[in-house]
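Student: Dropping in coords-v2.txt, which is compact mmCIF, C-alpha atoms:
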# COMPACT_ATOMS: atom_id res chain seq x y z
CA MET A 1 71.48 83.93 186.62
CA SER A 2 71.97 87.40 185.14
CA PHE A 3 74.42 88.13 182.33
CA LEU A 4 76.85 89.73 184.78
CA GLU A 5 76.69 86.77 187.16
CA MET A 6 77.27 84.48 184.18
CA LEU A 7 80.46 86.41 183.33
CA TYR A 8 81.58 86.25 186.97
CA PHE A 9 81.21 82.47 186.77
CA ILE A 10 82.64 81.76 183.30
CA ILE A 11 85.73 84.01 183.16
CA PRO A 12 87.40 82.87 186.44
CA SER A 13 86.63 79.22 185.55
CA ALA A 14 88.12 79.65 182.06
CA ILE A 15 91.31 81.10 183.57
CA LEU A 16 91.43 78.19 186.03
CA TYR A 17 91.24 75.55 183.29
CA ALA A 18 93.60 77.51 181.03
CA THR A 19 96.39 77.81 183.60
CA PRO A 20 97.89 74.27 183.19
CA LEU A 21 97.58 74.62 179.39
CA ILE A 22 99.49 77.92 179.47
CA PHE A 23 102.46 76.39 181.31
CA THR A 24 102.59 73.34 179.04
CA ALA A 25 102.04 75.23 175.78
CA ILE A 26 104.84 77.67 176.65
CA GLY A 27 107.08 74.66 177.28
CA GLY A 28 106.16 73.37 173.84
CA VAL A 29 107.05 76.75 172.32
CA PHE A 30 110.58 76.53 173.75
CA SER A 31 111.07 73.00 172.43
CA GLU A 32 109.75 73.64 168.94
CA ARG A 33 111.52 76.99 168.64
CA SER A 34 114.75 74.98 169.01
CA GLY A 35 113.70 72.60 166.24
CA VAL A 36 112.57 69.66 168.39
CA VAL A 37 108.95 68.56 168.02
CA ASN A 38 107.60 67.56 171.41
CA ILE A 39 104.28 65.72 171.25
CA GLY A 40 105.20 64.11 174.57
CA LEU A 41 103.68 67.03 176.50
CA GLU A 42 100.77 64.80 177.58
CA GLY A 43 103.20 62.34 179.17
CA LEU A 44 105.15 65.15 180.83
CA MET A 45 101.92 66.54 182.32
CA ILE A 46 101.02 63.07 183.62
CA VAL A 47 104.39 62.74 185.34
CA GLY A 48 104.06 66.23 186.80
CA ALA A 49 100.56 65.51 188.09
CA PHE A 50 101.71 62.32 189.80
CA VAL A 51 104.76 63.97 191.39
CA GLY A 52 102.67 66.93 192.57
CA ILE A 53 100.06 64.72 194.25
CA PHE A 54 102.68 62.33 195.69
CA VAL A 55 104.70 65.13 197.31
CA ASN A 56 101.52 66.80 198.54
CA LEU A 57 100.22 63.62 200.17
CA GLU A 58 103.54 62.58 201.71
CA PHE A 59 104.79 65.92 203.03
CA ALA A 60 101.67 68.00 203.72
CA SER A 61 101.81 67.30 207.46
CA SER A 62 105.33 68.70 207.78
CA LEU A 63 105.34 71.44 205.12
CA GLY A 64 101.91 72.96 205.76
CA ALA A 65 100.99 75.84 203.43
CA ALA A 66 104.30 75.51 201.56
CA THR A 67 103.36 72.01 200.40
CA VAL A 68 101.86 73.03 197.07
CA TRP A 69 104.93 75.06 196.12
CA VAL A 70 107.34 72.27 197.06
CA ALA A 71 105.15 69.83 195.10
CA MET A 72 105.25 72.08 192.04
CA LEU A 73 109.02 72.51 192.36
CA ALA A 74 109.43 68.73 192.52
CA ALA A 75 107.24 68.37 189.42
CA VAL A 76 109.40 70.92 187.59
CA VAL A 77 112.60 69.01 188.41
CA ILE A 78 111.21 65.54 187.63
CA GLY A 79 109.55 66.83 184.46
CA ALA A 80 112.87 68.26 183.24
CA ILE A 81 114.67 64.99 184.01
CA PHE A 82 111.95 62.87 182.38
CA SER A 83 112.13 64.98 179.21
CA LEU A 84 115.77 63.88 178.83
CA PHE A 85 114.47 60.58 177.42
CA HIS A 86 113.01 62.56 174.52
CA ALA A 87 116.07 64.80 174.24
CA VAL A 88 118.57 61.94 174.11
CA ALA A 89 116.49 59.96 171.61
CA SER A 90 115.69 62.86 169.27
CA ILE A 91 118.89 64.93 169.53
CA SER A 92 121.76 62.54 170.26
CA PHE A 93 120.35 59.40 168.61
CA ARG A 94 118.46 61.37 165.90
CA ALA A 95 115.38 59.19 166.33
CA ASP A 96 112.06 60.16 164.79
CA GLN A 97 110.81 62.91 167.11
CA THR A 98 107.15 61.94 166.69
CA VAL A 99 107.83 58.35 167.69
CA SER A 100 109.92 59.50 170.64
CA GLY A 101 107.13 61.82 171.79
CA VAL A 102 104.57 59.01 171.59
CA ALA A 103 106.90 56.84 173.66
CA ILE A 104 107.11 59.59 176.30
CA ASN A 105 103.30 59.68 176.49
CA LEU A 106 103.02 55.91 176.88
CA LEU A 107 105.92 55.66 179.32
CA GLY A 108 104.66 58.53 181.45
CA LEU A 109 101.22 56.96 181.89
CA ALA A 110 102.50 53.42 182.43
CA ALA A 111 105.21 54.41 184.93
CA THR A 112 102.94 56.61 187.06
CA VAL A 113 100.05 54.12 187.19
CA PHE A 114 102.56 51.40 188.15
CA LEU A 115 104.01 53.62 190.91
CA VAL A 116 100.54 54.43 192.27
CA LYS A 117 99.77 50.71 192.47
CA MET A 118 103.12 49.97 194.13
CA ILE A 119 102.96 52.81 196.67
CA TYR A 120 99.24 52.95 197.52
CA ASP A 121 98.14 49.44 196.48
CA LYS A 122 95.14 50.78 194.52
CA GLY A 123 94.32 52.44 191.24
CA GLN A 124 94.29 56.03 192.42
CA THR A 125 95.68 58.13 195.23
CA ASP A 126 93.76 59.67 198.13
CA MET A 127 92.51 63.24 197.89
CA ILE A 128 95.02 65.87 199.01
CA ASP A 129 94.38 68.05 202.07
CA GLN A 130 96.49 70.97 200.85
CA PRO A 131 95.18 72.01 197.40
CA ILE A 132 96.01 75.31 195.75
CA ARG A 133 93.37 77.71 197.07
CA ARG A 134 91.65 80.81 195.69
CA PHE A 135 92.19 84.23 197.21
CA GLY A 136 91.21 87.83 196.56
CA ILE A 137 93.81 90.47 195.68
CA PRO A 138 93.45 93.36 198.14
CA TYR A 139 92.24 96.66 196.67
CA LEU A 140 92.13 95.27 193.11
CA GLU A 141 89.13 93.06 193.93
CA ASP A 142 87.21 96.19 194.94
CA ILE A 143 87.45 97.69 191.42
CA PRO A 144 83.94 97.83 189.93
CA PHE A 145 83.21 95.02 187.44
CA PHE A 146 86.84 94.05 186.70
CA GLY A 147 87.64 93.48 190.37
CA ARG A 148 84.96 90.80 190.77
CA LEU A 149 85.74 89.43 187.28
CA LEU A 150 89.53 89.09 187.47
CA PHE A 151 90.79 89.66 191.02
CA HIS A 152 88.17 88.25 193.40
CA ASP A 153 88.72 84.46 193.32
CA VAL A 154 92.13 83.97 191.71
CA TYR A 155 94.77 81.29 192.01
CA SER A 156 98.40 82.22 192.57
CA THR A 157 99.30 79.74 189.84
CA SER A 158 97.18 81.69 187.33
CA ILE A 159 99.17 84.84 188.10
CA LEU A 160 102.36 82.80 187.73
CA ALA A 161 101.17 81.44 184.37
CA PHE A 162 100.69 84.95 182.96
CA ALA A 163 104.11 85.94 184.31
CA VAL A 164 105.70 82.88 182.68
CA ALA A 165 104.05 83.67 179.33
CA PHE A 166 105.31 87.27 179.26
CA GLY A 167 108.69 86.16 180.66
CA ALA A 168 108.98 83.58 177.87
CA TRP A 169 108.17 86.27 175.30
CA PHE A 170 110.95 88.46 176.72
CA ILE A 171 113.47 85.58 176.80
CA ILE A 172 112.72 84.35 173.27
CA TYR A 173 112.51 87.73 171.52
CA LYS A 174 114.60 90.12 173.63
CA THR A 175 117.62 88.20 174.87
CA PRO A 176 120.74 86.69 173.22
CA PHE A 177 119.62 83.25 174.46
CA GLY A 178 116.30 83.63 172.64
CA LEU A 179 118.06 84.77 169.47
CA ARG A 180 120.27 81.68 169.54
CA LEU A 181 117.24 79.48 170.28
CA ARG A 182 115.33 80.80 167.26
CA ALA A 183 118.41 80.56 165.06
CA VAL A 184 118.84 76.90 166.00
CA GLY A 185 115.20 76.21 165.16
CA GLU A 186 115.26 78.05 161.84
CA HIS A 187 118.76 77.52 160.42
CA PRO A 188 120.80 75.17 162.60
CA MET A 189 123.70 75.01 160.16
CA ALA A 190 124.01 78.80 160.04
CA ALA A 191 123.79 78.91 163.83
CA ASP A 192 126.52 76.28 164.08
CA THR A 193 128.68 78.32 161.72
CA MET A 194 128.33 81.28 164.08
CA GLY A 195 129.65 79.17 166.96
CA ILE A 196 126.34 78.20 168.59
CA ASN A 197 126.24 74.69 170.04
CA VAL A 198 123.07 73.39 168.36
CA ASN A 199 122.67 70.23 170.41
CA LYS A 200 123.26 72.06 173.69
CA MET A 201 120.60 74.64 172.86
CA ARG A 202 118.15 71.90 171.91
CA TYR A 203 118.81 69.97 175.13
CA ILE A 204 118.14 73.10 177.17
CA ALA A 205 114.93 73.83 175.26
CA VAL A 206 113.58 70.29 175.65
CA MET A 207 114.35 70.34 179.39
CA ILE A 208 112.53 73.68 179.73
CA SER A 209 109.52 72.10 177.99
CA GLY A 210 109.73 69.16 180.41
CA ALA A 211 109.90 71.48 183.42
CA LEU A 212 106.92 73.54 182.30
CA GLY A 213 104.96 70.43 181.24
CA GLY A 214 105.56 68.93 184.68
CA LEU A 215 104.48 72.19 186.30
CA GLY A 216 101.31 72.22 184.20
CA GLY A 217 100.44 68.70 185.33
CA ALA A 218 101.09 69.49 189.00
CA VAL A 219 98.96 72.63 188.81
CA TYR A 220 96.09 70.73 187.14
CA ALA A 221 96.13 67.98 189.76
CA GLN A 222 96.35 70.34 192.72
CA THR A 223 93.68 72.79 191.58
CA ILE A 224 91.12 70.70 189.69
CA THR A 225 91.23 66.96 190.44
CA HIS A 226 92.98 66.92 193.87
CA ASP A 227 94.12 63.31 193.32
CA PHE A 228 95.91 61.21 190.72
CA SER A 229 94.73 58.30 188.59
CA HIS A 230 95.13 57.13 185.02
CA ALA A 231 92.41 59.60 183.97
CA THR A 232 93.70 62.71 185.75
CA ILE A 233 95.37 64.04 182.60
CA ALA A 234 93.10 63.08 179.70
CA GLY A 235 94.01 65.08 176.62
CA GLN A 236 95.18 68.31 178.28
CA GLY A 237 98.70 67.80 176.90
CA PHE A 238 97.33 67.55 173.37
CA MET A 239 95.24 70.68 173.97
CA ALA A 240 98.47 72.43 174.99
CA ILE A 241 100.06 71.32 171.71
CA ALA A 242 97.03 72.68 169.86
CA ALA A 243 97.29 75.94 171.82
CA MET A 244 100.95 76.20 170.83
CA ILE A 245 100.11 75.72 167.14
CA PHE A 246 96.99 77.91 167.34
CA GLY A 247 99.21 80.57 168.93
CA LYS A 248 101.69 80.24 166.03
CA TRP A 249 104.60 79.14 168.24
CA HIS A 250 104.53 82.52 170.02
CA PRO A 251 104.29 82.70 173.85
CA ILE A 252 101.59 85.36 173.89
CA GLY A 253 99.69 83.60 171.10
CA ALA A 254 99.87 80.36 173.07
CA LEU A 255 98.58 82.23 176.14
CA GLY A 256 95.56 83.49 174.20
CA ALA A 257 94.88 80.10 172.65
CA ALA A 258 95.11 78.39 176.06
CA LEU A 259 92.52 80.82 177.42
CA PHE A 260 90.28 79.91 174.47
CA PHE A 261 90.61 76.19 175.24
CA GLY A 262 90.08 76.95 178.94
CA LEU A 263 86.77 78.57 178.00
CA ALA A 264 85.83 75.49 175.96
CA GLN A 265 86.60 73.23 178.94
CA THR A 266 84.50 75.44 181.21
CA LEU A 267 81.52 75.17 178.84
CA SER A 268 81.94 71.40 178.66
CA ILE A 269 81.99 70.93 182.44
CA ALA A 270 79.59 73.61 183.69
CA GLY A 271 77.42 74.15 180.61
CA ASN A 272 74.27 72.93 182.38
CA GLN A 273 74.57 75.86 184.81
CA ILE A 274 74.91 78.53 182.11
CA PRO A 275 71.51 79.88 180.94
CA LEU A 276 72.27 80.39 177.24
CA ILE A 277 73.56 76.86 176.65
CA GLU A 278 71.89 74.86 179.42
CA ASN A 279 69.64 73.09 176.91
CA VAL A 280 72.47 72.02 174.61
CA PRO A 281 72.94 68.23 174.91
CA ALA A 282 75.83 67.53 177.30
CA VAL A 283 77.63 65.31 174.81
CA TYR A 284 78.15 68.22 172.40
CA LEU A 285 79.63 70.39 175.13
CA GLN A 286 81.85 67.56 176.37
CA ILE A 287 83.39 66.98 172.96
CA LEU A 288 83.77 70.70 172.24
CA PRO A 289 87.38 71.07 173.57
CA TYR A 290 88.51 68.01 171.61
CA VAL A 291 86.80 69.13 168.40
CA LEU A 292 88.49 72.52 168.71
CA THR A 293 91.80 70.74 169.37
CA ILE A 294 91.42 68.67 166.19
CA LEU A 295 90.53 71.76 164.18
CA ALA A 296 93.55 73.64 165.51
CA LEU A 297 95.92 70.71 164.87
CA ALA A 298 94.48 70.23 161.38
CA GLY A 299 95.29 73.85 160.60
CA PHE A 300 91.73 74.93 159.97
CA ILE A 301 91.98 77.88 162.36
CA GLY A 302 94.33 80.26 160.57
CA LYS A 303 97.58 79.53 158.81
CA ALA A 304 100.50 78.64 161.03
CA ASN A 305 104.09 78.12 159.96
CA ALA A 306 106.32 76.05 162.22
CA PRO A 307 110.02 76.87 162.67
CA LYS A 308 111.77 75.73 159.48
CA ALA A 309 114.01 73.14 161.14
CA SER A 310 111.27 71.77 163.40
CA GLY A 311 111.43 67.98 163.52
CA GLN A 312 114.74 67.76 161.67
CA PRO A 313 117.70 66.16 163.48
CA TYR A 314 120.90 68.17 163.08
CA ILE A 315 123.94 66.36 161.72
CA LYS A 316 127.05 68.50 161.98
CA GLY A 317 128.73 69.04 158.62
CA LYS A 318 125.85 67.58 156.58
CA ARG A 319 124.43 69.85 153.87
Let me see the structure of the file written as structure tokens.
Tutor:
Amino acid sequence: MSFLEMLYFIIPSAILYATPLIFTAIGGVFSERSGVVNIGLEGLMIVGAFVGIFVNLEFASSLGAATVWVAMLAAVVIGAIFSLFHAVASISFRADQTVSGVAINLLGLAATVFLVKMIYDKGQTDMIDQPIRRFGIPYLEDIPFFGRLLFHDVYSTSILAFAVAFGAWFIIYKTPFGLRLRAVGEHPMAADTMGINVNKMRYIAVMISGALGGLGGAVYAQTITHDFSHATIAGQGFMAIAAMIFGKWHPIGALGAALFFGLAQTLSIAGNQIPLIENVPAVYLQILPYVLTILALAGFIGKANAPKASGQPYIKGKR
């Protein structure tokens, strides 16, 4: 395999593995920018993956090529609804947001595995017949070097992920809604004084994180695993959290960090096919994404400052 062929293999694969992380990390940015820590992204991805595969299996015969989009839409809706558990506990009941997030992770896995057993009477679903497929972008794929690298075998969901990242940047930094969101996450009392409904903004932000987390799970299941079991989502939600922190709670930073983790996942899965690292013991490559996740979460990769009110319940009138 030449160096060019190696690039043609690694870059599209890295984008593929990064796509679910981009959606979920952007969701985390919205939540934490409002002041609500959401470590339940893993559980939200699990729920989204289950809903995506369930809808795909049950409605593929009638929906045809539209199945994957309907499945992703269903995952978005269910993910937003499921995130309400975290929103109610952490915003209305002022529960510890870390504990609530852990509960979301445990509940998401337990509920979906139980449903799989109840519906299909086994531990995992069948493989789907309508996965998200690659395609080439006309004209752009004919561009020398970059066409084969970026536009030859792409997924529509990858294009959507980039659009969501730049759209999130525009919403958070260029719109009145984004200004209110950041104000609530930095100085909720000052925002309240200016007439902003702090709890309402936080509910909206947590539901956006649930919707994007569910979408990330559905995309992962329909592009990479093609079925659902207890091991379908195994740490990707925590990688998304690490990407959010690594990206300094900024949508474009989270996009870049997700691509970095996508590259690490590619090396861990297909390292034995890549000439320069084919002799590296597989165990080191397999643990690479998780080691990088730990380093990012531990703050070893650059200094990152969270929104000032992140993790702090807001009590109206309390100084």
Student: Name all residues at most 6 Å from stretch 127-141 of chain A (count all atoms listed in the file; drop same-chain ones fewer than 4 positions away) and give them as a list in words.
Tutor: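 The neighbour list is Leu57, Gly147, Arg148, Phe151, His152, Asp153, Val154, Tyr155, Gln222, Thr223, His226 and Asp227 of chain A.
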Student: For a test of reading the model, state the distance in Å between atom CA of A:Leu63 and atom CA of A:Val51, rounded to one decimal.
Tutor: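 Those two atoms sit 15.6 Å apart.
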Student: Pick out the residues sitting within 7 Å of A:Pro12, and hand them over as a ChimeraX atom specification; count all atoms listed in the file, and ignore anything fewer than 3 positions along from it in its own chain.
Tutor: /A:8-9,15-16,149-150
Student: May I ask which of the residues A:Ala110, A:Ile274, A:Ala49, A:Leu215 is the closest one to A:Phe3, counting all atoms listed in the file?
Tutor: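 Smallest distance to A:Phe3 is found for A:Ile274.
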Student: Which protein, DNA or RNA residues are at most 9 Å from (85.8, 74.4, 183.0) in the file's coordinates when you count all atoms listed in the file, listed as a PyMOL selection string?
Tutor: chain A and resi 10+13-18+262-271
Student: Write out as a PyMOL selection string each polymer residue whose atoms come within 10 Å of stretch 76-83 of chain A, counting all atoms listed in the file; drop sequence neighbours fewer than 2 positions from it.
Tutor: chain A and resi 38+40-41+43-49+51-52+70-74+85-88+101+104+107-108+203-218
Student: Write out, as a compact mmCIF listing (two decimals), keeping the file's coordinate frame, the residues just selected, with C-alpha atoms.
Tutor:
# COMPACT_ATOMS: atom_id res chain seq x y z
CA ASN A 38 107.60 67.56 171.41
CA GLY A 40 105.20 64.11 174.57
CA LEU A 41 103.68 67.03 176.50
CA GLY A 43 103.20 62.34 179.17
CA LEU A 44 105.15 65.15 180.83
CA MET A 45 101.92 66.54 182.32
CA ILE A 46 101.02 63.07 183.62
CA VAL A 47 104.39 62.74 185.34
CA GLY A 48 104.06 66.23 186.80
CA ALA A 49 100.56 65.51 188.09
CA VAL A 51 104.76 63.97 191.39
CA GLY A 52 102.67 66.93 192.57
CA VAL A 70 107.34 72.27 197.06
CA ALA A 71 105.15 69.83 195.10
CA MET A 72 105.25 72.08 192.04
CA LEU A 73 109.02 72.51 192.36
CA ALA A 74 109.43 68.73 192.52
CA PHE A 85 114.47 60.58 177.42
CA HIS A 86 113.01 62.56 174.52
CA ALA A 87 116.07 64.80 174.24
CA VAL A 88 118.57 61.94 174.11
CA GLY A 101 107.13 61.82 171.79
CA ILE A 104 107.11 59.59 176.30
CA LEU A 107 105.92 55.66 179.32
CA GLY A 108 104.66 58.53 181.45
CA TYR A 203 118.81 69.97 175.13
CA ILE A 204 118.14 73.10 177.17
CA ALA A 205 114.93 73.83 175.26
CA VAL A 206 113.58 70.29 175.65
CA MET A 207 114.35 70.34 179.39
CA ILE A 208 112.53 73.68 179.73
CA SER A 209 109.52 72.10 177.99
CA GLY A 210 109.73 69.16 180.41
CA ALA A 211 109.90 71.48 183.42
CA LEU A 212 106.92 73.54 182.30
CA GLY A 213 104.96 70.43 181.24
CA GLY A 214 105.56 68.93 184.68
CA LEU A 215 104.48 72.19 186.30
CA GLY A 216 101.31 72.22 184.20
CA GLY A 217 100.44 68.70 185.33
CA ALA A 218 101.09 69.49 189.00
Student: Find the residue from A:Tyr220, A:Phe166, A:Tyr120, A:Phe114 that sits nearest to A:Ala254; use all atoms listed in the file when measuring.
Tutor: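 Closest candidate: A:Phe166.
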Student: Quick one: pull the distance between atom CA of A:Thr157 and atom CA of A:Thr24, Å, one decimal.
Tutor: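 Those two atoms sit 13.0 Å apart.
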Student: A:Gly185, A:Gly235, A:Pro313, A:Gly178: which is nearest A:Glu42, counting only C-alpha atoms?
Tutor: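 Closest residue, counting only C-alpha atoms: A:Gly235.
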Student: Which neighbours of A:Leu181 fall inside 9 Å, counting only C-alpha atoms, when residues of the same chain fewer than 4 positions from it are skipped, and could you give them as a VMD selection string?
Tutor: chain A and resid 30 33 to 35 172 176 to 177 185 to 186 198 201 to 202 205
Student: Since fewer atoms than expected are present, regenerate all heavy atoms for stretch 189-200 of chain A and write them as a PDB file, in the frame of the given file.
Tutor:
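Wrote selection.pdb, looks like this:
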ATOM      1  N   MET A 189     122.358  74.996 160.738  1.00  0.00           N
ATOM      2  CA  MET A 189     123.700  75.010 160.160  1.00  0.00           C
ATOM      3  C   MET A 189     124.314  76.412 160.238  1.00  0.00           C
ATOM      4  O   MET A 189     125.494  76.573 160.579  1.00  0.00           O
ATOM      5  CB  MET A 189     123.659  74.529 158.713  1.00  0.00           C
ATOM      6  CG  MET A 189     125.035  74.395 158.084  1.00  0.00           C
ATOM      7  SD  MET A 189     124.962  73.710 156.438  1.00  0.00           S
ATOM      8  CE  MET A 189     124.359  72.077 156.785  1.00  0.00           C
ATOM      9  N   ALA A 190     123.510  77.426 159.930  1.00  0.00           N
ATOM     10  CA  ALA A 190     124.010  78.800 160.040  1.00  0.00           C
ATOM     11  C   ALA A 190     124.352  79.141 161.480  1.00  0.00           C
ATOM     12  O   ALA A 190     125.364  79.805 161.750  1.00  0.00           O
ATOM     13  CB  ALA A 190     122.950  79.763 159.501  1.00  0.00           C
ATOM     14  N   ALA A 191     123.506  78.667 162.417  1.00  0.00           N
ATOM     15  CA  ALA A 191     123.790  78.910 163.830  1.00  0.00           C
ATOM     16  C   ALA A 191     125.085  78.234 164.246  1.00  0.00           C
ATOM     17  O   ALA A 191     125.900  78.808 164.982  1.00  0.00           O
ATOM     18  CB  ALA A 191     122.617  78.394 164.680  1.00  0.00           C
ATOM     19  N   ASP A 192     125.286  77.009 163.769  1.00  0.00           N
ATOM     20  CA  ASP A 192     126.520  76.280 164.080  1.00  0.00           C
ATOM     21  C   ASP A 192     127.730  77.023 163.524  1.00  0.00           C
ATOM     22  O   ASP A 192     128.782  77.120 164.173  1.00  0.00           O
ATOM     23  CB  ASP A 192     126.421  74.868 163.484  1.00  0.00           C
ATOM     24  CG  ASP A 192     127.516  73.951 164.020  1.00  0.00           C
ATOM     25  OD1 ASP A 192     128.256  74.368 164.935  1.00  0.00           O
ATOM     26  OD2 ASP A 192     127.631  72.817 163.534  1.00  0.00           O
ATOM     27  N   THR A 193     127.584  77.567 162.337  1.00  0.00           N
ATOM     28  CA  THR A 193     128.680  78.320 161.720  1.00  0.00           C
ATOM     29  C   THR A 193     129.066  79.539 162.560  1.00  0.00           C
ATOM     30  O   THR A 193     130.243  79.931 162.616  1.00  0.00           O
ATOM     31  CB  THR A 193     128.264  78.789 160.306  1.00  0.00           C
ATOM     32  OG1 THR A 193     127.875  77.659 159.542  1.00  0.00           O
ATOM     33  CG2 THR A 193     129.414  79.502 159.614  1.00  0.00           C
ATOM     34  N   MET A 194     128.066  80.106 163.240  1.00  0.00           N
ATOM     35  CA  MET A 194     128.330  81.280 164.080  1.00  0.00           C
ATOM     36  C   MET A 194     128.832  80.895 165.474  1.00  0.00           C
ATOM     37  O   MET A 194     128.976  81.744 166.353  1.00  0.00           O
ATOM     38  CB  MET A 194     127.043  82.108 164.220  1.00  0.00           C
ATOM     39  CG  MET A 194     126.553  82.710 162.915  1.00  0.00           C
ATOM     40  SD  MET A 194     127.761  83.815 162.156  1.00  0.00           S
ATOM     41  CE  MET A 194     127.786  85.147 163.343  1.00  0.00           C
ATOM     42  N   GLY A 195     129.072  79.605 165.690  1.00  0.00           N
ATOM     43  CA  GLY A 195     129.650  79.170 166.960  1.00  0.00           C
ATOM     44  C   GLY A 195     128.646  78.750 168.009  1.00  0.00           C
ATOM     45  O   GLY A 195     129.011  78.554 169.175  1.00  0.00           O
ATOM     46  N   ILE A 196     127.365  78.617 167.629  1.00  0.00           N
ATOM     47  CA  ILE A 196     126.340  78.200 168.590  1.00  0.00           C
ATOM     48  C   ILE A 196     126.304  76.677 168.656  1.00  0.00           C
ATOM     49  O   ILE A 196     126.268  76.008 167.613  1.00  0.00           O
ATOM     50  CB  ILE A 196     124.955  78.743 168.181  1.00  0.00           C
ATOM     51  CG1 ILE A 196     124.975  80.269 168.161  1.00  0.00           C
ATOM     52  CG2 ILE A 196     123.873  78.230 169.121  1.00  0.00           C
ATOM     53  CD1 ILE A 196     123.709  80.887 167.575  1.00  0.00           C
ATOM     54  N   ASN A 197     126.315  76.133 169.853  1.00  0.00           N
ATOM     55  CA  ASN A 197     126.240  74.690 170.040  1.00  0.00           C
ATOM     56  C   ASN A 197     124.780  74.259 169.867  1.00  0.00           C
ATOM     57  O   ASN A 197     123.955  74.437 170.767  1.00  0.00           O
ATOM     58  CB  ASN A 197     126.752  74.309 171.428  1.00  0.00           C
ATOM     59  CG  ASN A 197     126.885  72.796 171.594  1.00  0.00           C
ATOM     60  OD1 ASN A 197     126.082  72.027 171.062  1.00  0.00           O
ATOM     61  ND2 ASN A 197     127.904  72.377 172.332  1.00  0.00           N
ATOM     62  N   VAL A 198     124.463  73.712 168.693  1.00  0.00           N
ATOM     63  CA  VAL A 198     123.070  73.390 168.360  1.00  0.00           C
ATOM     64  C   VAL A 198     122.481  72.369 169.321  1.00  0.00           C
ATOM     65  O   VAL A 198     121.378  72.555 169.861  1.00  0.00           O
ATOM     66  CB  VAL A 198     122.970  72.876 166.905  1.00  0.00           C
ATOM     67  CG1 VAL A 198     121.533  72.434 166.582  1.00  0.00           C
ATOM     68  CG2 VAL A 198     123.411  73.959 165.931  1.00  0.00           C
ATOM     69  N   ASN A 199     123.207  71.285 169.541  1.00  0.00           N
ATOM     70  CA  ASN A 199     122.670  70.230 170.410  1.00  0.00           C
ATOM     71  C   ASN A 199     122.468  70.720 171.837  1.00  0.00           C
ATOM     72  O   ASN A 199     121.481  70.371 172.495  1.00  0.00           O
ATOM     73  CB  ASN A 199     123.605  69.020 170.400  1.00  0.00           C
ATOM     74  CG  ASN A 199     123.510  68.239 169.097  1.00  0.00           C
ATOM     75  OD1 ASN A 199     122.621  68.497 168.276  1.00  0.00           O
ATOM     76  ND2 ASN A 199     124.402  67.290 168.897  1.00  0.00           N
ATOM     77  N   LYS A 200     123.405  71.532 172.329  1.00  0.00           N
ATOM     78  CA  LYS A 200     123.260  72.060 173.690  1.00  0.00           C
ATOM     79  C   LYS A 200     122.014  72.925 173.812  1.00  0.00           C
ATOM     80  O   LYS A 200     121.250  72.806 174.779  1.00  0.00           O
ATOM     81  CB  LYS A 200     124.505  72.884 174.048  1.00  0.00           C
ATOM     82  CG  LYS A 200     124.450  73.498 175.442  1.00  0.00           C
ATOM     83  CD  LYS A 200     125.705  74.342 175.699  1.00  0.00           C
ATOM     84  CE  LYS A 200     125.622  75.049 177.046  1.00  0.00           C
ATOM     85  NZ  LYS A 200     126.822  75.910 177.271  1.00  0.00           N
TER      86      LYS A 200
END
